[in-house]
file my_file.txt (compact mmCIF, C-alpha atoms)
# COMPACT_ATOMS: atom_id res chain seq x y z
CA MET A 1 0.00 0.00 0.00
CA ILE A 2 0.99 3.60 -0.50
CA SER A 3 0.09 6.10 2.14
CA ARG A 4 -0.50 9.80 1.99
CA LYS A 5 0.42 12.11 4.85
CA THR A 6 -2.32 14.68 4.55
CA SER A 7 -1.56 16.73 7.66
CA CYS A 8 1.31 18.49 5.91
CA GLY A 9 0.10 17.99 2.38
CA LEU A 10 2.92 15.67 1.36
CA LEU A 11 2.69 12.30 -0.30
CA PHE A 12 4.92 9.54 0.95
CA PHE A 13 5.26 6.40 -1.07
CA PHE A 14 6.14 3.27 0.86
CA LEU A 15 6.50 -0.29 -0.31
CA MET A 16 4.65 -0.65 -3.55
CA ALA A 17 3.10 -3.90 -4.59
CA LYS A 18 3.93 -5.04 -8.08
CA MET A 19 2.94 -2.45 -10.64
CA ILE A 20 3.43 -2.40 -14.37
CA THR A 21 4.38 0.89 -16.02
CA ILE A 22 3.64 1.52 -19.69
CA LEU A 23 4.82 4.77 -21.21
CA GLY A 24 5.67 6.11 -24.60
CA PRO A 25 4.90 8.69 -27.26
CA THR A 26 1.47 9.55 -28.60
CA ALA A 27 -0.32 6.87 -30.64
CA CYS A 28 2.24 4.11 -30.08
CA GLY A 29 -0.28 1.59 -28.70
CA LYS A 30 0.11 2.10 -24.93
CA THR A 31 -3.59 1.75 -24.17
CA LYS A 32 -4.08 -1.42 -26.21
CA LEU A 33 -1.04 -3.01 -24.56
CA ALA A 34 -2.18 -1.96 -21.06
CA VAL A 35 -5.70 -3.29 -21.67
CA ALA A 36 -4.38 -6.62 -23.00
CA ILE A 37 -2.11 -7.04 -19.97
CA ALA A 38 -4.83 -5.97 -17.52
CA HIS A 39 -7.27 -8.42 -19.09
CA LYS A 40 -4.79 -11.33 -18.93
CA LEU A 41 -3.39 -10.56 -15.46
CA ASP A 42 -6.55 -9.32 -13.71
CA GLY A 43 -5.35 -5.76 -13.50
CA GLU A 44 -6.72 -2.24 -13.56
CA ILE A 45 -5.33 0.73 -15.43
CA ILE A 46 -4.38 4.07 -13.91
CA SER A 47 -4.15 6.68 -16.64
CA ALA A 48 -1.12 8.96 -16.48
CA ASP A 49 -2.26 11.35 -19.18
CA SER A 50 -2.66 15.05 -18.49
CA ARG A 51 -5.47 15.47 -21.05
CA GLN A 52 -7.53 12.35 -20.43
CA VAL A 53 -8.55 13.63 -17.00
CA PHE A 54 -10.93 16.09 -18.69
CA ARG A 55 -14.54 15.14 -19.41
CA GLY A 56 -15.83 15.67 -22.92
CA MET A 57 -12.39 16.02 -24.45
CA ASP A 58 -12.46 12.74 -26.31
CA LEU A 59 -11.08 13.89 -29.65
CA GLY A 60 -7.35 14.36 -29.79
CA THR A 61 -6.68 13.02 -26.30
CA GLY A 62 -6.38 9.34 -27.23
CA LYS A 63 -8.90 8.18 -24.63
CA ASP A 64 -10.01 5.31 -26.86
CA LEU A 65 -12.59 4.17 -24.29
CA ASP A 66 -13.77 1.44 -26.66
CA ASP A 67 -10.33 -0.16 -26.29
CA TYR A 68 -11.11 -0.86 -22.63
CA VAL A 69 -13.67 -3.50 -23.64
CA VAL A 70 -12.31 -7.02 -24.16
CA ASP A 71 -14.62 -9.94 -24.94
CA GLY A 72 -17.58 -7.84 -23.80
CA ASN A 73 -15.97 -7.04 -20.44
CA ILE A 74 -14.79 -3.59 -19.41
CA VAL A 75 -11.24 -3.45 -18.11
CA PRO A 76 -11.40 -1.08 -15.13
CA TYR A 77 -9.60 2.24 -15.53
CA HIS A 78 -8.95 5.21 -13.28
CA LEU A 79 -8.23 8.95 -13.66
CA ILE A 80 -10.07 9.38 -16.96
CA ASP A 81 -12.92 11.92 -17.19
CA ILE A 82 -12.50 13.15 -13.61
CA CYS A 83 -12.37 16.95 -14.19
CA GLU A 84 -14.27 19.57 -16.13
CA PRO A 85 -12.43 21.23 -19.02
CA GLY A 86 -10.70 24.41 -17.90
CA TYR A 87 -9.99 23.09 -14.41
CA GLU A 88 -6.32 23.55 -13.48
CA TYR A 89 -5.43 19.95 -12.60
CA SER A 90 -2.02 19.85 -10.93
CA LEU A 91 0.72 17.31 -10.49
CA PHE A 92 -0.01 17.37 -6.77
CA GLU A 93 -3.64 16.39 -7.46
CA PHE A 94 -2.52 13.67 -9.86
CA GLN A 95 -0.35 12.18 -7.13
CA GLN A 96 -3.24 12.24 -4.65
CA ASN A 97 -5.59 10.66 -7.18
CA PHE A 98 -2.96 8.10 -8.13
CA VAL A 99 -2.47 7.07 -4.48
CA ASP A 100 -6.22 6.67 -3.99
CA ALA A 101 -6.61 4.61 -7.19
CA TYR A 102 -3.52 2.53 -6.45
CA ASN A 103 -4.65 1.71 -2.91
CA SER A 104 -8.13 0.84 -4.14
CA ILE A 105 -6.74 -1.53 -6.78
CA VAL A 106 -4.30 -3.21 -4.41
CA SER A 107 -6.99 -3.59 -1.73
CA ARG A 108 -8.97 -5.72 -4.19
CA GLN A 109 -5.82 -7.75 -4.89
CA LYS A 110 -5.69 -6.57 -8.49
CA LEU A 111 -2.59 -5.59 -10.45
CA PRO A 112 -2.14 -1.82 -10.91
CA ILE A 113 -0.95 -0.77 -14.37
CA ILE A 114 0.02 2.87 -14.83
CA CYS A 115 -0.21 3.85 -18.48
CA GLY A 116 0.27 7.15 -20.24
CA GLY A 117 2.38 9.63 -22.08
CA THR A 118 2.68 12.44 -19.54
CA GLY A 119 6.21 11.72 -18.42
CA LEU A 120 6.10 14.05 -15.43
CA TYR A 121 3.07 12.21 -14.01
CA ILE A 122 4.80 8.85 -14.32
CA GLU A 123 8.12 10.19 -13.05
CA SER A 124 6.41 11.72 -10.01
CA VAL A 125 5.13 8.27 -9.04
CA LEU A 126 8.22 6.23 -9.85
CA ARG A 127 10.66 8.71 -8.32
CA LYS A 128 8.42 9.35 -5.33
CA TYR A 129 8.17 13.13 -5.67
CA GLN A 130 7.09 14.79 -2.43
CA LEU A 131 4.95 17.80 -3.26
CA SER A 132 2.98 20.26 -1.16
CA ASP A 133 -0.43 21.66 -1.95
CA VAL A 134 0.26 25.37 -2.30
CA PRO A 135 -2.85 27.55 -2.41
CA ILE A 136 -3.13 30.37 -4.94
CA ASN A 137 -1.98 33.68 -3.51
CA ALA A 138 -4.17 36.18 -5.39
CA GLU A 139 -2.67 39.16 -3.57
CA LEU A 140 0.89 38.18 -4.54
CA ARG A 141 -0.13 37.54 -8.13
CA LYS A 142 -1.77 40.97 -8.35
CA GLU A 143 1.39 42.57 -6.96
CA LEU A 144 3.66 40.69 -9.42
CA GLU A 145 1.51 41.65 -12.42
CA GLN A 146 2.55 45.27 -11.81
CA CYS A 147 6.29 44.49 -11.93
CA SER A 148 8.60 44.85 -14.91
CA ASP A 149 10.73 41.92 -16.05
CA ASP A 150 13.77 43.40 -14.27
CA GLU A 151 11.78 43.79 -11.03
CA LEU A 152 10.62 40.16 -11.26
CA VAL A 153 14.21 38.98 -11.74
CA GLU A 154 15.30 41.12 -8.77
CA LYS A 155 12.55 39.66 -6.56
CA MET A 156 13.57 36.13 -7.53
CA THR A 157 17.22 36.93 -6.82
CA GLU A 158 16.33 38.38 -3.40
CA LYS A 159 14.56 35.12 -2.58
CA GLY A 160 17.72 33.20 -3.40
CA TYR A 161 16.75 31.92 -6.83
CA LYS A 162 19.64 31.75 -9.25
CA VAL A 163 18.21 33.13 -12.45
CA ALA A 164 19.65 34.66 -15.58
CA ARG A 165 18.62 38.29 -16.07
CA ARG A 166 16.82 37.42 -19.32
CA THR A 167 14.96 34.33 -18.03
CA VAL A 168 11.56 35.99 -17.67
CA ALA A 169 11.67 37.74 -21.04
CA LYS A 170 13.18 34.70 -22.73
CA TYR A 171 10.31 32.43 -21.73
CA ARG A 172 7.72 35.06 -22.60
CA ASP A 173 9.21 35.67 -26.03
CA GLN A 174 9.97 32.04 -26.90
CA LEU A 175 6.56 30.76 -25.85
CA GLY A 176 4.60 33.73 -27.11
CA ILE A 177 3.08 34.25 -23.67
CA PRO A 178 1.60 37.68 -22.99
CA LYS A 179 3.47 39.52 -20.22
CA ALA A 180 0.52 39.50 -17.80
CA ARG A 181 -0.07 35.75 -18.23
CA LEU A 182 3.60 34.93 -17.63
CA ARG A 183 3.52 36.87 -14.39
CA ARG A 184 0.39 34.99 -13.24
CA GLU A 185 2.24 31.73 -13.77
CA LEU A 186 5.19 32.82 -11.66
call {"tool": "encode", "arguments": {"input": "my_file.txt", "output": "structure tokens"}}
result
Amino acid sequence: MISRKTSCGLLFFFLMAKMITILGPTACGKTKLAVAIAHKLDGEIISADSRQVFRGMDLGTGKDLDDYVVDGNIVPYHLIDICEPGYEYSLFEFQQNFVDAYNSIVSRQKLPIICGGTGLYIESVLRKYQLSDVPINAELRKELEQCSDDELVEKMTEKGYKVARRTVAKYRDQLGIPKARLRREL
């Protein structure tokens, strides 16, 4: 079993039962392989895809829900269609949802199979990332929106972050992100 220490908002991963991990690039057959293995080995699939969590976004996300049916039986899956589009689903939430799904699967003595193409999601599980749930600080965001790029770099430097002077502008320019949006994401 994996446990979650909720009092401080951190996830701690302890001894994991056997789990199969299937990862790879888009449209390489991950889902079909995971479903075939789950069907043969009495397993359940935990999706590790950052787009499949959203309801109604079936086109272009590779959900392929029909693939989860084998010989008329549905292979159980988790973390698909769990959020409304537009919701800001975080890595921290993925880890919490993963732990819940994993524990549920293991408690029924089934084989958990994590499958997906969002590498950070899979890495966070396999490398046991310990993340905190950090609430949005609207006041800080409003303050930072008023700052110039140089002021943002200075604030980051004051906090001890090592950052190149052009980091903020570089990301904004390279990604085509409007100045105000970039500041919200900091």
call {"tool": "residues_around", "arguments": {"input": "my_file.txt", "residues": "segment 79-92 of chain A", "least_positions_apart": "3", "cutoff": "6 Å", "atoms": "only C-alpha atoms", "output": "PyMOL selection string"}}
result
chain A and resi 47+52-55+95
call {"tool": "atom_distance", "arguments": {"input": "my_file.txt", "atom1": "atom CA of Gly117 of chain A", "atom2": "atom CA of Gly24 of chain A"}}
result
5.4 Å
call {"tool": "residues_around", "arguments": {"input": "my_file.txt", "residues": "Leu65 of chain A", "least_positions_apart": "3", "cutoff": "10 Å", "atoms": "only C-alpha atoms", "output": "JSON, numbers by chain"}}
result
{"A": [31, 58, 62, 68, 69, 74, 75, 77, 80]}
call {"tool": "atom_distance", "arguments": {"input": "my_file.txt", "atom1": "atom CA of Ile20 of chain A", "atom2": "atom CA of Leu111 of chain A"}}
result
7.9 Å
call {"tool": "residues_around", "arguments": {"input": "my_file.txt", "residues": "Ile45 of chain A", "least_positions_apart": "5", "cutoff": "8 Å", "atoms": "all atoms listed in the file", "output": "PyMOL selection string"}}
result
chain A and resi 34-35+38+75-78+112-115
call {"tool": "write_last_selection", "arguments": {"input": "my_file.txt", "atoms": "C-alpha atoms", "output": "JSON list (two decimals), in the coordinates of the input"}}
result
[["chain", "number", "residue", "atom", "x", "y", "z"],
["A", 34, "ALA", "CA", -2.18, -1.96, -21.06],
["A", 35, "VAL", "CA", -5.70, -3.29, -21.67],
["A", 38, "ALA", "CA", -4.83, -5.97, -17.52],
["A", 75, "VAL", "CA", -11.24, -3.45, -18.11],
["A", 76, "PRO", "CA", -11.40, -1.08, -15.13],
["A", 77, "TYR", "CA", -9.60, 2.24, -15.53],
["A", 78, "HIS", "CA", -8.95, 5.21, -13.28],
["A", 112, "PRO", "CA", -2.14, -1.82, -10.91],
["A", 113, "ILE", "CA", -0.95, -0.77, -14.37],
["A", 114, "ILE", "CA", 0.02, 2.87, -14.83],
["A", 115, "CYS", "CA", -0.21, 3.85, -18.48]]
call {"tool": "atom_distance", "arguments": {"input": "my_file.txt", "atom1": "atom CA of Ser107 of chain A", "atom2": "atom CA of Ala36 of chain A"}}
result
21.6 Å
